[in-house]
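Structure first, commentary second.
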There are 2 protein chains.
Amino acid sequence: MNDKVPECCESVEVHEALVKIVNEKMPPVEELYNLAELFKVFGDSTRIRILFVLFEAEVCVCDLASALSMTQSAISHQLRILKQNKLVKNRREGKSVFYSLADDHVRTIIAQGLEHIEED
Amino acid sequence: MNDKVPECCESVEVHEALVKIVNEKMPPVEELYNLAELFKVFGDSTRIRILFVLFEAEVCVCDLASALSMTQSAISHQLRILKQNKLVKNRREGKSVFYSLADDHVRTIIAQGLEHIEED
DNA sequence: TAAACATATGAATAATTGTTCACATATAAA
DNA sequence: TTTATATGTGAACAATTATTCATATGTTTA
């Protein structure tokens, strides 16, 4: 045994070095799942639009729905996802609930995304 | 007419100010779609894992598949998506095609995402 | 309390998408 | 040219998900 040339394009050494990188430098699988889940949240234009409104002001659900011309239910569902992922926070004031940005990572991530798609 | 109180929770003034923000400060719809599309690309753990490998080295398709324990076809499909969105570039060398990162926005975006999920 | 308003949410539907399978294309070696 | 290796890709299936509809919860006012 061990007398066979690897069928892959690369030598055994390179391949083993790669596996080492994968095993040592890559974050644990669960963290990668969480990371992908976070970016999924940014991967919907309705949620992106909500975040752009919240860049400017603290806004209640009703006004968000009105400003974006969508139903209150649809906005509420999306706000739930944004909140679960700690991108927004909320506070109740009487009958209304006001939403605002949770932290500045949101701005940075979206700014970097915009920079990327605006290249050449 | 105009004798009706708005049924929404906010006054007419606040609502109109919001609509102004939405119309003036928010990027055009098409750009928001492109932005969401970009983040969708980051929203899959297979693609995230591919990017983490490419953080360390320029790698051919075959080795990526081997390192990540996935079929070559699955990797190839995902590389196509990454390339269409200009997150990776490639070059052919004989039978193999080597992939590498296209630019540094990828690192920044992923770094910010990691910072976010690692908070408390 | 009852009625009205603001928000939240479960169920259902339509649309999107990741992987597999089979096969096509591209390059190198025999 | 034939064979083998590496990569690309269309079709199909399963899984995920955004919105709608109906309704429930929470708050204020009459």
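Chains: A, B, ... in order of the structure tokens. Residues: from 1 per chain. Ligands: from 1, in order shown.
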
Based on only C-alpha atoms (C1' of nucleotides), which of the residues in chain B come within 8 Å of chain D? I want them as a compact mmCIF listing (two decimals) with C-alpha atoms, in the first residue's frame.
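Final output, saved to selection.txt:
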```
# COMPACT_ATOMS: atom_id res chain seq x y z
CA VAL B 61 -10.77 23.04 -7.53
CA CYS B 62 -9.71 19.49 -6.88
CA SER B 76 -17.40 24.08 -8.88
CA LYS B 95 -5.44 20.83 -16.47
CA SER B 96 -6.01 22.64 -13.20
CA VAL B 97 -7.75 25.93 -12.47
```

For region 111-113 of chain A, please output as number ranges by chain all residues within 8 Å (counting only C-alpha atoms (C1' of nucleotides); exclusion window: fewer than 5 positions along the same chain).
B: 35, 38-39, 105, 108-109

Check every residue of chain B for an atom within 12 Å of chain C, counting only C-alpha atoms (C1' of nucleotides), and provide those that qualify as a ChimeraX atom specification.
/B:6-10,40-41,43-47,70-78,81,92-97

Selected residue of minimal separation from chain A among B:Glu13, B:Asp104, B:Glu24, B:Glu37, counting only C-alpha atoms:
B:Glu37

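You will find CA of Leu54 (chain A) at 6.2 Å from CA of Leu101 (chain A).
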
Atom pair CA of His15 (chain B) + CA of Val88 (chain A), distance 20.4 Å

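Rounded to one decimal, CA of Glu30 (chain A) and CA of Ile110 (chain A) lie 23.7 Å from each other.
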
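Distance check against chain A using only C-alpha atoms: of B:Ser100, B:Asn90, B:Gln84, B:Asn34, the minimum falls on B:Asn34.
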
From the DSSP assignment of the backbone, select every residue of chain A that is helix (DSSP H, G or I), and format the answer as a ChimeraX atom specification.
/A:12-24,29-42,45-56,61-68,72-84,105-117

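Using only C-alpha atoms, the smallest distance between any of A:Leu64, A:Val14, A:Val19, A:Val29 and chain B comes from A:Val19.
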
Report as a PyMOL selection string: the residues of region 4-119 of chain A with a DSSP assignment of strand (DSSP E or B), based on the backbone of this structure.
chain A and resi 59-60+88-93+96-101

Output the selection as a PDB file, in the first residue's frame - N, CA and C atoms for each residue.
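The file below, part07.pdb, is the result:
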```pdb
ATOM      1  N   VAL A  59     -37.516  54.341  14.304  1.00  0.00           N
ATOM      2  CA  VAL A  59     -38.811  54.364  13.622  1.00  0.00           C
ATOM      3  C   VAL A  59     -39.716  53.252  14.153  1.00  0.00           C
ATOM      4  N   CYS A  60     -41.020  53.532  14.227  1.00  0.00           N
ATOM      5  CA  CYS A  60     -41.955  52.507  14.666  1.00  0.00           C
ATOM      6  C   CYS A  60     -42.370  51.628  13.487  1.00  0.00           C
ATOM      7  N   VAL A  88     -30.858  44.919  15.209  1.00  0.00           N
ATOM      8  CA  VAL A  88     -31.687  46.031  15.668  1.00  0.00           C
ATOM      9  C   VAL A  88     -32.148  45.751  17.095  1.00  0.00           C
ATOM     10  N   LYS A  89     -32.544  46.818  17.767  1.00  0.00           N
ATOM     11  CA  LYS A  89     -33.138  46.678  19.097  1.00  0.00           C
ATOM     12  C   LYS A  89     -34.447  47.454  19.077  1.00  0.00           C
ATOM     13  N   ASN A  90     -35.276  47.257  20.102  1.00  0.00           N
ATOM     14  CA  ASN A  90     -36.555  47.967  20.098  1.00  0.00           C
ATOM     15  C   ASN A  90     -36.957  48.384  21.505  1.00  0.00           C
ATOM     16  N   ARG A  91     -37.892  49.318  21.546  1.00  0.00           N
ATOM     17  CA  ARG A  91     -38.442  49.750  22.834  1.00  0.00           C
ATOM     18  C   ARG A  91     -39.905  50.107  22.588  1.00  0.00           C
ATOM     19  N   ARG A  92     -40.717  49.801  23.562  1.00  0.00           N
ATOM     20  CA  ARG A  92     -42.147  50.105  23.420  1.00  0.00           C
ATOM     21  C   ARG A  92     -42.442  51.481  23.995  1.00  0.00           C
ATOM     22  N   GLU A  93     -43.306  52.201  23.278  1.00  0.00           N
ATOM     23  CA  GLU A  93     -43.751  53.500  23.778  1.00  0.00           C
ATOM     24  C   GLU A  93     -45.250  53.558  23.533  1.00  0.00           C
ATOM     25  N   SER A  96     -47.044  51.879  20.335  1.00  0.00           N
ATOM     26  CA  SER A  96     -46.038  51.695  19.288  1.00  0.00           C
ATOM     27  C   SER A  96     -44.769  51.035  19.806  1.00  0.00           C
ATOM     28  N   VAL A  97     -44.046  50.374  18.906  1.00  0.00           N
ATOM     29  CA  VAL A  97     -42.720  49.825  19.212  1.00  0.00           C
ATOM     30  C   VAL A  97     -41.731  50.459  18.246  1.00  0.00           C
ATOM     31  N   PHE A  98     -40.702  51.069  18.814  1.00  0.00           N
ATOM     32  CA  PHE A  98     -39.710  51.762  17.991  1.00  0.00           C
ATOM     33  C   PHE A  98     -38.464  50.914  17.840  1.00  0.00           C
ATOM     34  N   TYR A  99     -37.994  50.841  16.604  1.00  0.00           N
ATOM     35  CA  TYR A  99     -36.796  50.058  16.293  1.00  0.00           C
ATOM     36  C   TYR A  99     -35.631  50.976  15.946  1.00  0.00           C
ATOM     37  N   SER A 100     -34.418  50.534  16.315  1.00  0.00           N
ATOM     38  CA  SER A 100     -33.208  51.277  15.957  1.00  0.00           C
ATOM     39  C   SER A 100     -32.051  50.288  15.783  1.00  0.00           C
ATOM     40  N   LEU A 101     -30.950  50.776  15.253  1.00  0.00           N
ATOM     41  CA  LEU A 101     -29.793  49.913  15.026  1.00  0.00           C
ATOM     42  C   LEU A 101     -29.203  49.447  16.351  1.00  0.00           C
TER      43      LEU A 101
END
```

Using only C-alpha atoms (C1' of nucleotides), determine which residues lie at most 8 Å from Met26 (chain A), disregarding the query and same-chain residues fewer than 3 positions distant; provide the list as an NGL selection string.
(:A and (21-23)) or (:B and (49 or 52-53))

Keeping only N, CA and C atoms, write the selected residues to a file as a tab-separated table (two decimals), in the first residue's frame.
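Okay, result-v9.tsv is ready:
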```tsv
chain	number	residue	atom	x	y	z
A	21	ILE	N	-4.30	23.59	7.18
A	21	ILE	CA	-4.90	24.92	7.24
A	21	ILE	C	-6.37	24.81	7.62
A	22	VAL	N	-7.06	23.93	6.91
A	22	VAL	CA	-8.49	23.77	7.16
A	22	VAL	C	-8.75	23.41	8.61
A	23	ASN	N	-7.93	22.51	9.13
A	23	ASN	CA	-8.16	22.05	10.49
A	23	ASN	C	-7.73	23.05	11.55
B	49	ARG	N	-16.62	28.58	3.81
B	49	ARG	CA	-15.47	27.70	4.02
B	49	ARG	C	-14.48	27.81	2.86
B	52	PHE	N	-12.46	30.89	3.38
B	52	PHE	CA	-11.46	30.75	4.45
B	52	PHE	C	-10.23	30.00	3.95
B	53	VAL	N	-10.43	29.00	3.10
B	53	VAL	CA	-9.27	28.31	2.53
B	53	VAL	C	-8.48	29.28	1.65
```

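Closest to chain A among B:Ala36, B:Glu118, B:Lys20, B:Arg107 is B:Ala36, based on only C-alpha atoms.
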
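Closest approach to chain B among A:Leu79, A:Leu114, A:Ala17, A:Ile50: A:Leu114, based on only C-alpha atoms.
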